[in-house]
file model10.cif (mmCIF, C-alpha atoms and all ligand atoms)
data_my_file
#
loop_
_atom_site.label_atom_id
_atom_site.label_comp_id
_atom_site.auth_asym_id
_atom_site.auth_seq_id
_atom_site.Cartn_x
_atom_site.Cartn_y
_atom_site.Cartn_z
CA MET A 1 0.00 0.00 0.00
CA SER A 2 1.33 3.45 -0.94
CA LYS A 3 2.67 5.62 1.89
CA ASP A 4 1.26 8.71 0.14
CA LEU A 5 -2.36 7.78 0.77
CA PRO A 6 -4.04 10.31 3.04
CA LYS A 7 -5.33 8.96 6.35
CA ASN A 8 -8.96 9.40 5.49
CA SER A 9 -8.51 7.51 2.25
CA GLN A 10 -11.21 5.76 0.26
CA THR A 11 -9.90 2.44 1.52
CA ILE A 12 -10.57 3.36 5.13
CA SER A 13 -14.02 4.81 4.47
CA ALA A 14 -14.96 1.69 2.53
CA ARG A 15 -13.81 -0.50 5.41
CA THR A 16 -15.79 1.43 8.01
CA ALA A 17 -18.99 1.21 5.97
CA LYS A 18 -20.08 -1.96 7.72
CA PRO A 19 -23.62 -3.02 8.35
CA ASN A 20 -25.22 -1.82 11.54
CA HIS A 21 -26.68 -4.90 13.19
CA HIS A 22 -28.48 -2.85 15.80
CA GLN A 23 -30.86 -0.99 13.53
CA GLU A 24 -34.19 -2.61 12.69
CA ALA A 25 -33.67 -5.06 9.85
CA PRO A 26 -35.37 -4.40 6.51
CA ARG A 27 -38.05 -6.94 5.68
CA PRO A 28 -37.75 -7.94 2.01
CA GLU A 29 -40.36 -10.28 0.58
CA VAL A 30 -37.69 -12.27 -1.22
CA MET A 31 -34.55 -13.46 0.50
CA PRO A 32 -31.68 -11.16 -0.42
CA ILE A 33 -28.41 -12.51 -1.77
CA TYR A 34 -25.85 -12.83 1.02
CA GLN A 35 -23.01 -12.05 -1.34
CA THR A 36 -20.34 -12.23 1.32
CA SER A 37 -17.46 -14.63 1.73
CA VAL A 38 -17.34 -14.28 5.52
CA PHE A 39 -19.50 -13.28 8.51
CA THR A 40 -18.54 -11.19 11.53
CA PHE A 41 -18.48 -11.80 15.28
CA ASP A 42 -18.72 -9.45 18.27
CA ASP A 43 -15.80 -10.92 20.16
CA VAL A 44 -13.98 -14.15 21.03
CA ASP A 45 -16.86 -15.39 23.19
CA ASP A 46 -19.26 -14.90 20.30
CA VAL A 47 -17.13 -17.04 17.97
CA GLU A 48 -16.80 -19.70 20.70
CA GLU A 49 -20.57 -19.75 21.04
CA TYR A 50 -20.81 -20.24 17.26
CA TYR A 51 -18.48 -23.25 17.27
CA ALA A 52 -20.08 -24.79 20.37
CA ASN A 53 -23.77 -24.45 19.52
CA HIS A 54 -24.12 -23.54 15.83
CA PRO A 55 -26.91 -21.08 16.67
CA GLU A 56 -29.69 -20.81 14.08
CA GLY A 57 -29.08 -18.06 11.55
CA ARG A 58 -25.39 -17.58 12.32
CA TYR A 59 -22.70 -18.28 9.76
CA LEU A 60 -18.90 -18.18 9.70
CA TYR A 61 -17.57 -18.50 6.17
CA THR A 62 -19.48 -19.02 2.92
CA ARG A 63 -17.50 -22.09 1.88
CA ASN A 64 -18.87 -23.73 5.06
CA GLY A 65 -22.38 -22.32 4.85
CA ASN A 66 -24.46 -19.39 3.69
CA PRO A 67 -28.14 -18.42 4.17
CA ASN A 68 -28.88 -18.67 0.43
CA ILE A 69 -27.54 -22.22 0.29
CA ASP A 70 -29.56 -23.22 3.36
CA ALA A 71 -32.75 -21.69 1.98
CA LEU A 72 -32.30 -23.73 -1.19
CA THR A 73 -31.41 -27.04 0.44
CA GLU A 74 -34.35 -26.82 2.84
CA THR A 75 -36.69 -26.62 -0.16
CA LEU A 76 -34.92 -29.43 -2.02
CA ALA A 77 -35.06 -31.83 0.93
CA LYS A 78 -38.82 -31.23 0.99
CA LEU A 79 -39.12 -31.84 -2.75
CA GLU A 80 -37.30 -35.18 -2.57
CA ASP A 81 -38.77 -35.90 0.88
CA THR A 82 -35.40 -36.70 2.44
CA GLU A 83 -34.06 -35.74 5.87
CA VAL A 84 -31.40 -33.42 4.48
CA ALA A 85 -30.12 -31.89 1.26
CA TYR A 86 -26.74 -30.38 0.42
CA ALA A 87 -25.84 -28.15 -2.50
CA SER A 88 -22.65 -27.98 -4.50
CA ALA A 89 -21.21 -25.93 -7.33
CA SER A 90 -22.34 -28.40 -10.03
CA GLY A 91 -24.00 -31.75 -10.52
CA MET A 92 -20.57 -33.34 -10.77
CA GLY A 93 -19.61 -31.74 -7.43
CA ALA A 94 -22.67 -33.39 -5.87
CA ILE A 95 -22.01 -36.78 -7.49
CA SER A 96 -18.33 -36.70 -6.47
CA ALA A 97 -19.13 -35.81 -2.85
CA ALA A 98 -21.93 -38.39 -2.68
CA ILE A 99 -19.66 -41.20 -3.89
CA MET A 100 -16.69 -40.14 -1.77
CA GLY A 101 -18.93 -39.84 1.27
CA VAL A 102 -19.85 -43.52 1.01
CA CYS A 103 -16.90 -45.24 -0.70
CA HIS A 104 -13.34 -45.51 0.54
CA ALA A 105 -10.20 -47.19 -0.82
CA GLY A 106 -10.94 -50.86 -1.49
CA ASP A 107 -14.66 -50.34 -2.08
CA HIS A 108 -16.37 -51.36 -5.31
CA ILE A 109 -19.26 -49.74 -7.20
CA VAL A 110 -21.75 -51.37 -9.55
CA MET A 111 -22.86 -48.77 -12.05
CA SER A 112 -25.51 -48.78 -14.74
CA ASN A 113 -24.00 -48.96 -18.21
CA GLU A 114 -26.34 -46.09 -19.11
CA ILE A 115 -24.79 -43.35 -17.05
CA TYR A 116 -23.95 -39.68 -17.47
CA GLY A 117 -20.55 -39.40 -19.19
CA GLY A 118 -19.11 -37.22 -16.41
CA THR A 119 -19.92 -39.86 -13.78
CA LEU A 120 -18.11 -42.48 -15.84
CA VAL A 121 -15.09 -40.20 -16.31
CA LEU A 122 -15.04 -39.48 -12.55
CA LEU A 123 -14.82 -43.18 -11.72
CA ARG A 124 -12.52 -44.10 -14.58
CA THR A 125 -9.96 -41.29 -14.27
CA VAL A 126 -10.19 -39.80 -10.76
CA LEU A 127 -11.64 -42.13 -8.12
CA ASN A 128 -9.63 -45.06 -9.55
CA GLN A 129 -6.54 -43.19 -8.28
CA PHE A 130 -7.89 -43.52 -4.75
CA GLY A 131 -8.57 -47.25 -4.83
CA ILE A 132 -12.28 -47.14 -5.66
CA THR A 133 -13.14 -49.61 -8.43
CA PHE A 134 -16.32 -50.15 -10.45
CA SER A 135 -17.98 -52.43 -12.90
CA PHE A 136 -20.85 -51.90 -15.30
CA ALA A 137 -24.12 -53.79 -15.35
CA ASP A 138 -27.22 -53.51 -17.49
CA PHE A 139 -29.71 -52.23 -14.89
CA GLN A 140 -32.63 -53.57 -16.94
CA ASP A 141 -31.29 -57.04 -16.12
CA HIS A 142 -31.44 -57.70 -12.36
CA ASP A 143 -29.50 -60.96 -12.66
CA ALA A 144 -26.70 -59.00 -14.33
CA ILE A 145 -26.61 -56.66 -11.33
CA GLU A 146 -26.45 -59.65 -8.96
CA ARG A 147 -23.58 -61.13 -10.96
CA ALA A 148 -21.67 -57.84 -10.80
CA MET A 149 -21.91 -57.59 -7.00
CA LEU A 150 -18.66 -58.27 -5.10
CA PRO A 151 -18.16 -58.68 -1.35
CA THR A 152 -16.61 -55.18 -1.46
CA THR A 153 -19.52 -53.58 -3.35
CA LYS A 154 -20.61 -50.56 -1.34
CA LEU A 155 -22.68 -48.58 -3.81
CA LEU A 156 -24.99 -49.00 -6.82
CA ILE A 157 -25.35 -46.02 -9.17
CA ALA A 158 -28.05 -45.45 -11.78
CA GLU A 159 -30.33 -42.81 -13.27
CA SER A 160 -34.12 -42.90 -12.83
CA ILE A 161 -34.48 -42.05 -16.55
CA SER A 162 -31.44 -42.87 -18.64
CA ASN A 163 -29.82 -40.66 -21.23
CA PRO A 164 -30.41 -40.59 -24.18
CA LEU A 165 -32.69 -43.60 -24.75
CA LEU A 166 -34.82 -42.73 -21.70
CA ARG A 167 -35.00 -46.22 -20.24
CA VAL A 168 -36.57 -46.50 -16.80
CA ILE A 169 -35.31 -48.77 -14.04
CA ASP A 170 -37.27 -50.62 -11.35
CA LEU A 171 -36.12 -48.62 -8.34
CA GLU A 172 -37.64 -50.86 -5.67
CA ALA A 173 -36.19 -54.09 -7.06
CA ILE A 174 -32.74 -52.52 -7.45
CA ALA A 175 -32.83 -50.99 -3.96
CA ALA A 176 -33.63 -54.47 -2.63
CA ILE A 177 -30.59 -55.95 -4.41
CA ALA A 178 -28.38 -53.20 -2.96
CA HIS A 179 -29.70 -53.62 0.57
CA ASN A 180 -29.46 -57.44 0.50
CA HIS A 181 -25.76 -56.96 -0.16
CA HIS A 182 -25.39 -54.24 2.51
CA ALA A 183 -24.75 -51.67 -0.20
CA TYR A 184 -26.40 -48.30 -0.85
CA LEU A 185 -28.35 -47.15 -3.89
CA LEU A 186 -27.55 -43.75 -5.42
CA ILE A 187 -30.02 -42.42 -7.99
CA ASP A 188 -29.34 -39.51 -10.29
CA ASN A 189 -32.85 -38.03 -10.62
CA THR A 190 -31.91 -35.13 -12.91
CA PHE A 191 -34.05 -36.12 -15.92
CA ALA A 192 -37.11 -37.15 -13.91
CA THR A 193 -37.20 -34.45 -11.20
CA PRO A 194 -39.13 -35.20 -7.98
CA LEU A 195 -42.34 -34.30 -9.85
CA ILE A 196 -42.09 -37.61 -11.70
CA VAL A 197 -40.54 -39.81 -9.06
CA GLN A 198 -39.08 -39.42 -5.58
CA PRO A 199 -36.48 -42.21 -5.52
CA ALA A 200 -36.19 -42.11 -1.72
CA HIS A 201 -39.81 -43.36 -1.58
CA HIS A 202 -38.70 -46.37 -3.63
CA GLY A 203 -35.72 -47.31 -1.50
CA ALA A 204 -32.90 -45.11 -2.82
CA ASP A 205 -30.49 -44.03 -0.09
CA ILE A 206 -28.99 -41.07 -1.94
CA VAL A 207 -30.59 -38.92 -4.62
CA VAL A 208 -28.49 -36.50 -6.67
CA HIS A 209 -29.38 -33.80 -9.17
CA SER A 210 -27.66 -31.55 -11.60
CA ALA A 211 -29.46 -28.36 -10.52
CA THR A 212 -28.01 -26.88 -13.70
CA LYS A 213 -30.92 -28.59 -15.42
CA TYR A 214 -34.61 -28.44 -14.36
CA PHE A 215 -34.12 -26.87 -10.91
CA GLY A 216 -32.30 -23.86 -12.36
CA GLY A 217 -34.34 -24.29 -15.50
CA HIS A 218 -33.14 -21.27 -17.48
CA SER A 219 -29.69 -22.43 -18.74
CA ASP A 220 -28.00 -19.68 -16.74
CA VAL A 221 -26.58 -21.34 -13.62
CA SER A 222 -24.60 -24.43 -12.56
CA GLY A 223 -25.30 -26.33 -9.38
CA GLY A 224 -25.75 -29.74 -7.84
CA VAL A 225 -27.74 -31.29 -5.05
CA ILE A 226 -27.51 -34.33 -2.77
CA CYS A 227 -30.70 -35.41 -0.99
CA THR A 228 -30.19 -38.13 1.64
CA SER A 229 -30.39 -39.11 5.29
CA THR A 230 -28.67 -37.17 8.06
CA SER A 231 -26.40 -40.12 8.82
CA LEU A 232 -25.10 -40.56 5.26
CA GLY A 233 -25.16 -36.86 4.48
CA GLU A 234 -22.75 -35.63 7.10
CA ALA A 235 -19.65 -37.06 5.38
CA MET A 236 -20.85 -35.75 2.01
CA SER A 237 -21.38 -32.24 3.33
CA HIS A 238 -17.91 -32.34 4.89
CA ILE A 239 -16.43 -33.31 1.52
CA ILE A 240 -18.22 -30.51 -0.35
CA THR A 241 -16.88 -27.98 2.16
CA THR A 242 -13.39 -29.41 2.37
CA LEU A 243 -12.90 -29.84 -1.38
CA GLY A 244 -14.24 -26.33 -1.91
CA ALA A 245 -17.13 -27.48 -4.13
CA THR A 246 -19.54 -25.10 -2.38
CA LEU A 247 -22.35 -23.47 -4.35
CA ALA A 248 -21.99 -19.68 -4.66
CA PRO A 249 -24.65 -17.54 -2.90
CA PHE A 250 -25.88 -15.90 -6.11
CA ASP A 251 -26.11 -19.29 -7.82
CA ALA A 252 -28.05 -20.68 -4.85
CA TRP A 253 -30.39 -17.70 -5.13
CA LEU A 254 -30.88 -18.27 -8.88
CA ILE A 255 -31.63 -21.97 -8.38
CA ALA A 256 -34.04 -21.17 -5.52
CA ARG A 257 -35.78 -18.77 -7.90
CA GLY A 258 -35.91 -21.46 -10.58
CA VAL A 259 -37.42 -24.00 -8.20
CA LYS A 260 -40.39 -21.67 -7.58
CA THR A 261 -41.61 -22.33 -11.13
CA LEU A 262 -40.33 -25.92 -11.47
CA SER A 263 -43.80 -27.44 -11.38
CA LEU A 264 -45.28 -25.01 -13.95
CA ARG A 265 -42.34 -25.30 -16.32
CA PHE A 266 -41.81 -29.01 -16.07
CA ARG A 267 -45.46 -30.01 -16.52
CA GLU A 268 -45.67 -27.86 -19.64
CA GLN A 269 -42.39 -29.29 -20.94
CA CYS A 270 -43.63 -32.86 -20.40
CA LYS A 271 -46.90 -32.06 -22.18
CA ASN A 272 -45.02 -30.60 -25.17
CA ALA A 273 -42.61 -33.55 -25.21
CA ALA A 274 -45.46 -36.06 -25.36
CA GLN A 275 -46.94 -34.24 -28.36
CA ILE A 276 -43.61 -34.02 -30.15
CA ALA A 277 -42.89 -37.70 -29.51
CA SER A 278 -46.14 -38.85 -31.09
CA PHE A 279 -45.68 -36.38 -33.98
CA LEU A 280 -42.21 -37.79 -34.69
CA THR A 281 -43.53 -41.35 -34.87
CA GLU A 282 -45.49 -40.28 -37.97
CA GLN A 283 -42.52 -38.78 -39.84
CA SER A 284 -40.93 -40.79 -42.65
CA ALA A 285 -37.44 -39.28 -42.09
CA VAL A 286 -37.48 -40.68 -38.55
CA SER A 287 -36.65 -44.34 -38.06
CA HIS A 288 -37.26 -44.60 -34.30
CA VAL A 289 -38.62 -42.43 -31.46
CA PHE A 290 -37.64 -42.91 -27.81
CA TYR A 291 -40.08 -41.49 -25.24
CA PRO A 292 -41.24 -43.45 -22.17
CA GLY A 293 -44.75 -42.05 -22.54
CA LEU A 294 -45.15 -43.86 -25.88
CA SER A 295 -46.63 -47.35 -25.56
CA THR A 296 -43.95 -48.52 -28.02
CA HIS A 297 -41.11 -47.56 -25.63
CA GLU A 298 -39.57 -50.59 -23.94
CA SER A 299 -39.94 -48.99 -20.47
CA HIS A 300 -43.50 -47.72 -20.89
CA THR A 301 -45.17 -50.20 -18.52
CA LYS A 302 -42.55 -49.65 -15.84
CA ALA A 303 -42.76 -45.87 -16.26
CA LYS A 304 -46.56 -45.88 -16.05
CA LYS A 305 -46.43 -47.85 -12.82
CA GLN A 306 -43.62 -45.92 -11.16
CA PHE A 307 -44.14 -42.34 -12.36
CA GLN A 308 -46.53 -39.81 -10.88
CA ASP A 309 -49.22 -37.68 -12.54
CA ASP A 310 -48.91 -39.34 -15.96
CA LEU A 311 -45.65 -37.42 -16.56
CA TYR A 312 -42.89 -39.04 -18.62
CA GLY A 313 -40.27 -36.32 -18.81
CA ALA A 314 -39.40 -33.63 -21.31
CA MET A 315 -36.63 -35.33 -23.25
CA VAL A 316 -37.37 -36.97 -26.60
CA SER A 317 -34.76 -38.87 -28.59
CA PHE A 318 -35.11 -39.99 -32.17
CA ARG A 319 -33.10 -41.65 -34.85
CA LEU A 320 -32.95 -40.27 -38.38
CA HIS A 321 -32.51 -42.46 -41.42
CA GLY A 322 -29.06 -41.73 -42.81
CA GLY A 323 -26.66 -41.19 -39.91
CA LYS A 324 -24.48 -38.16 -39.21
CA GLU A 325 -25.06 -36.57 -42.59
CA ALA A 326 -28.83 -36.55 -42.04
CA VAL A 327 -28.27 -35.14 -38.54
CA ASN A 328 -26.27 -32.23 -39.96
CA ARG A 329 -28.94 -31.51 -42.55
CA PHE A 330 -31.66 -31.57 -39.88
CA MET A 331 -29.68 -29.25 -37.57
CA GLN A 332 -29.06 -26.81 -40.42
CA ALA A 333 -32.75 -26.89 -41.37
CA ALA A 334 -33.97 -26.48 -37.77
CA THR A 335 -32.65 -22.92 -37.59
CA THR A 336 -34.75 -21.88 -34.59
CA ILE A 337 -33.76 -24.84 -32.39
CA PRO A 338 -30.18 -24.38 -31.17
CA PHE A 339 -27.76 -27.28 -30.90
CA ALA A 340 -26.66 -27.01 -27.27
CA PRO A 341 -25.24 -30.04 -25.48
CA SER A 342 -27.19 -29.56 -22.25
CA LEU A 343 -30.85 -29.72 -21.32
CA ALA A 344 -33.83 -28.52 -19.33
CA GLY A 345 -33.95 -24.83 -20.18
CA VAL A 346 -37.25 -23.09 -20.97
CA TYR A 347 -36.45 -23.15 -24.69
CA THR A 348 -36.17 -26.29 -26.78
CA THR A 349 -32.65 -27.37 -27.69
CA LEU A 350 -31.13 -30.21 -29.67
CA SER A 351 -28.20 -32.35 -28.71
CA TYR A 352 -26.13 -35.05 -30.31
CA PRO A 353 -25.18 -37.75 -27.78
CA TYR A 354 -22.77 -39.58 -30.10
CA THR A 355 -20.09 -36.86 -29.90
CA THR A 356 -21.12 -34.85 -26.82
CA SER A 357 -22.53 -36.56 -23.70
CA HIS A 358 -21.12 -39.95 -24.73
CA ARG A 359 -17.75 -38.76 -25.99
CA GLY A 360 -16.04 -40.46 -23.02
CA PHE A 361 -17.39 -43.89 -24.06
CA THR A 362 -15.67 -46.21 -26.50
CA GLU A 363 -17.23 -46.83 -29.92
CA GLN A 364 -18.25 -50.32 -28.81
CA GLU A 365 -19.82 -49.04 -25.56
CA ARG A 366 -21.84 -46.49 -27.55
CA LEU A 367 -23.05 -49.06 -30.05
CA ASP A 368 -23.95 -51.52 -27.28
CA LEU A 369 -26.12 -48.78 -25.77
CA GLY A 370 -27.82 -47.95 -29.07
CA ILE A 371 -26.16 -44.54 -29.34
CA THR A 372 -25.73 -44.44 -33.08
CA GLU A 373 -24.66 -41.70 -35.49
CA GLY A 374 -28.25 -40.93 -36.47
CA LEU A 375 -29.47 -40.31 -32.91
CA LEU A 376 -30.65 -36.86 -31.81
CA ARG A 377 -32.06 -35.72 -28.49
CA LEU A 378 -34.52 -32.91 -27.96
CA SER A 379 -34.78 -31.12 -24.62
CA VAL A 380 -38.29 -29.77 -24.93
CA GLY A 381 -39.10 -26.28 -23.65
CA ILE A 382 -42.20 -24.28 -22.80
CA GLU A 383 -42.91 -22.82 -26.24
CA HIS A 384 -46.40 -23.32 -27.74
CA ALA A 385 -46.65 -26.93 -28.86
CA SER A 386 -48.07 -25.92 -32.24
CA ASP A 387 -45.02 -23.73 -32.95
CA LEU A 388 -42.67 -26.54 -32.02
CA LEU A 389 -44.48 -29.08 -34.18
CA ALA A 390 -44.43 -26.67 -37.12
CA GLU A 391 -40.70 -25.99 -36.72
CA ILE A 392 -39.75 -29.64 -36.43
CA GLY A 393 -42.07 -30.67 -39.26
CA GLU A 394 -40.63 -27.96 -41.49
CA ALA A 395 -37.02 -28.97 -40.72
CA LEU A 396 -37.80 -32.62 -41.46
CA SER A 397 -39.39 -31.73 -44.79
CA VAL A 398 -36.58 -29.35 -45.84
CA MET A 399 -33.84 -31.92 -45.18
CA LYS A 400 -35.37 -34.54 -47.45
C1 LIG B 1 -25.75 -32.58 -16.50
C2 LIG B 1 -25.84 -33.83 -15.75
C3 LIG B 1 -24.95 -34.14 -14.72
C4 LIG B 1 -23.79 -33.24 -14.36
O1 LIG B 1 -24.21 -32.02 -13.88
P1 LIG B 1 -23.34 -30.67 -13.99
O2 LIG B 1 -24.20 -29.66 -13.33
O3 LIG B 1 -23.11 -30.42 -15.45
O4 LIG B 1 -22.06 -30.92 -13.28
C5 LIG B 1 -25.12 -35.32 -14.03
N1 LIG B 1 -26.12 -36.18 -14.33
C6 LIG B 1 -26.99 -35.92 -15.32
C7 LIG B 1 -28.07 -36.90 -15.61
C8 LIG B 1 -26.89 -34.75 -16.08
O5 LIG B 1 -27.75 -34.50 -17.06
#

call {"tool": "encode", "arguments": {"input": "model10.cif", "output": "structure tokens", "more": "lines below"}}
Ligand SMILES: *Cc1c(COP(=O)(O)O)cnc(C)c1O
result
Amino acid sequence: MSKDLPKNSQTISARTAKPNHHQEAPRPEVMPIYQTSVFTFDDVDDVEEYYANHPEGRYLYTRNGNPNIDALTETLAKLEDTEVAYASASGMGAISAAIMGVCHAGDHIVMSNEIYGGTLVLLRTVLNQFGITFSFADFQDHDAIERAMLPTTKLLIAESISNPLLRVIDLEAIAAIAHNHHAYLLIDNTFATPLIVQPAHHGADIVVHSATKYFGGHSDVSGGVICTSTSLGEAMSHIITTLGATLAPFDAWLIARGVKTLSLRFREQCKNAAQIASFLTEQSAVSHVFYPGLSTHESHTKAKKQFQDDLYGAMVSFRLHGGKEAVNRFMQAATTIPFAPSLAGVYTTLSYPYTTSHRGFTEQERLDLGITEGLLRLSVGIEHASDLLAEIGEALSVMK
């Protein structure tokens, strides 16, 4: 700092402009953003009291906890109907902390072969360095899961609706397999949201979300969530804090704002998706449509039984005749639907699993899963269904 600065410099006046905790607090309708990295204490006794009793409404340091994060996680625990929820800076932060909270060196994981690419990369390139091993199983085949179980298996990982072919798993049967082997079941519920299914009601021990998707809902924030029991959650929360994977206050505020309209958005998105799926089945350029709400989808019966409110999600995948070249022509023709390798925003987007979400898989793994060069995935938004059908119909006719 320069010696020439006058005593009453800007720096000093800025420092002394601290909040006055003694005046009557303002009463905003909406929770403000606590955009602060640290919180203050009156004296040494006050900080001791904080450490000893964790008084309600007191915080120390945002990496350890912040009112915006707590407001969000309280809502999310209610949505998934679990004892606790924890937030992190992304879905991958939540998945990493959830796995590391349960598995230690020497433990084994049985994972669905239809899994988010990032989760696979985490196990294959990071957690393998710390002595955590895994094997794949087809989670449609319960005998295959049984065969994959080892005495050291501590965790089963799957998604309630798989990406991109939208297969549905029998949560209760798989939870029973896990528990018979004294293992836990972790379900990534990102695609389904708790509006479709609450995996904890079907035996899942840990539920994770990429809040970047439907919870945020506007493609403008990254975040992740773990919903679980107090006993399992404590280690996970400690890992989020210690690894520094904490959600930022503004991001927590944005996600909390998104969650207020989750039900309105998601129901509309599901309704649009169902219409688009049945429309696509009638198009000659399309060789196959994947949507669990269609009676032709292999998981339809399971979905109908397990899912709430006749909702089947807002993702629709379809295969075009003609492979990658046809995909390019469709994308160029569908000028109003952006190609964006993510999902769940209010506007419809297109993605291409073969070279984006499933880039980390080998060619053989992709083919075994049915992820071919002609496969496209739509994340359906809240636009008017008639506009969407017209746009997609037009693009399919132009590309011919
Ligand atoms: C996007 C996604 C993730 C990862 O979430 P990030 O917020 O991108 O870290 C995990 N699982 C599923 C199913 C996803 O779609």

call {"tool": "residues_around", "arguments": {"input": "model10.cif", "residues": "Thr348 (chain A)", "least_positions_apart": "4", "cutoff": "7 Å", "atoms": "only C-alpha atoms", "output": "PDB file with C-alpha atoms, keeping the file's coordinate frame"}}
result
ATOM      1  CA  ILE A 337     -33.760 -24.840 -32.390  1.00  0.00           C
ATOM      2  CA  LEU A 378     -34.520 -32.910 -27.960  1.00  0.00           C
ATOM      3  CA  SER A 379     -34.780 -31.120 -24.620  1.00  0.00           C
ATOM      4  CA  VAL A 380     -38.290 -29.770 -24.930  1.00  0.00           C
ATOM      5  CA  GLY A 381     -39.100 -26.280 -23.650  1.00  0.00           C
TER       6      GLY A 381
END

call {"tool": "closest_residue", "arguments": {"input": "model10.cif", "among": "A:Asp70, A:Glu80, A:Arg265, A:Ala245", "to": "Gly57 (chain A)", "atoms": "all atoms listed in the file"}}
result
A:Asp70

call {"tool": "residues_around", "arguments": {"input": "model10.cif", "residues": "Ser278 (chain A)", "least_positions_apart": "4", "cutoff": "9 Å", "atoms": "all atoms listed in the file", "output": "JSON, numbers by chain"}}
result
{"A": [273, 274, 282, 289, 291, 294]}

call {"tool": "closest_residue", "arguments": {"input": "model10.cif", "among": "A:Pro341, A:Pro292, A:Gly101, A:Gly91", "to": "Ala211 (chain A)", "atoms": "all atoms listed in the file"}}
result
A:Gly91

call {"tool": "atom_distance", "arguments": {"input": "model10.cif", "atom1": "CA of Ser287 (chain A)", "atom2": "CA of Ser397 (chain A)"}}
result
14.6 Å

call {"tool": "residues_near_point", "arguments": {"input": "model10.cif", "point": "(-20.6, -35.4, -6.2)", "cutoff": "10 Å", "atoms": "only C-alpha atoms", "output": "PyMOL selection string"}}
result
chain A and resi 87-101+119+122+208-210+224-226+236+239-240+245

call {"tool": "write_last_selection", "arguments": {"input": "model10.cif", "atoms": "C-alpha atoms", "output": "CSV table (one decimal), keeping the file's coordinate frame"}}
result
chain,number,residue,atom,x,y,z
A,87,ALA,CA,-25.8,-28.2,-2.5
A,88,SER,CA,-22.6,-28.0,-4.5
A,89,ALA,CA,-21.2,-25.9,-7.3
A,90,SER,CA,-22.3,-28.4,-10.0
A,91,GLY,CA,-24.0,-31.8,-10.5
A,92,MET,CA,-20.6,-33.3,-10.8
A,93,GLY,CA,-19.6,-31.7,-7.4
A,94,ALA,CA,-22.7,-33.4,-5.9
A,95,ILE,CA,-22.0,-36.8,-7.5
A,96,SER,CA,-18.3,-36.7,-6.5
A,97,ALA,CA,-19.1,-35.8,-2.8
A,98,ALA,CA,-21.9,-38.4,-2.7
A,99,ILE,CA,-19.7,-41.2,-3.9
A,100,MET,CA,-16.7,-40.1,-1.8
A,101,GLY,CA,-18.9,-39.8,1.3
A,119,THR,CA,-19.9,-39.9,-13.8
A,122,LEU,CA,-15.0,-39.5,-12.6
A,208,VAL,CA,-28.5,-36.5,-6.7
A,209,HIS,CA,-29.4,-33.8,-9.2
A,210,SER,CA,-27.7,-31.6,-11.6
A,224,GLY,CA,-25.8,-29.7,-7.8
A,225,VAL,CA,-27.7,-31.3,-5.0
A,226,ILE,CA,-27.5,-34.3,-2.8
A,236,MET,CA,-20.8,-35.8,2.0
A,239,ILE,CA,-16.4,-33.3,1.5
A,240,ILE,CA,-18.2,-30.5,-0.4
A,245,ALA,CA,-17.1,-27.5,-4.1

call {"tool": "closest_residue", "arguments": {"input": "model10.cif", "among": "A:Leu262, A:Ala344, A:Ala235, A:Val84", "to": "Val207 (chain A)", "atoms": "all atoms listed in the file"}}
result
A:Val84

call {"tool": "closest_residue", "arguments": {"input": "model10.cif", "among": "A:Gly203, A:Pro194, A:Gly118, A:Pro353", "to": "Glu373 (chain A)", "atoms": "all atoms listed in the file"}}
result
A:Pro353
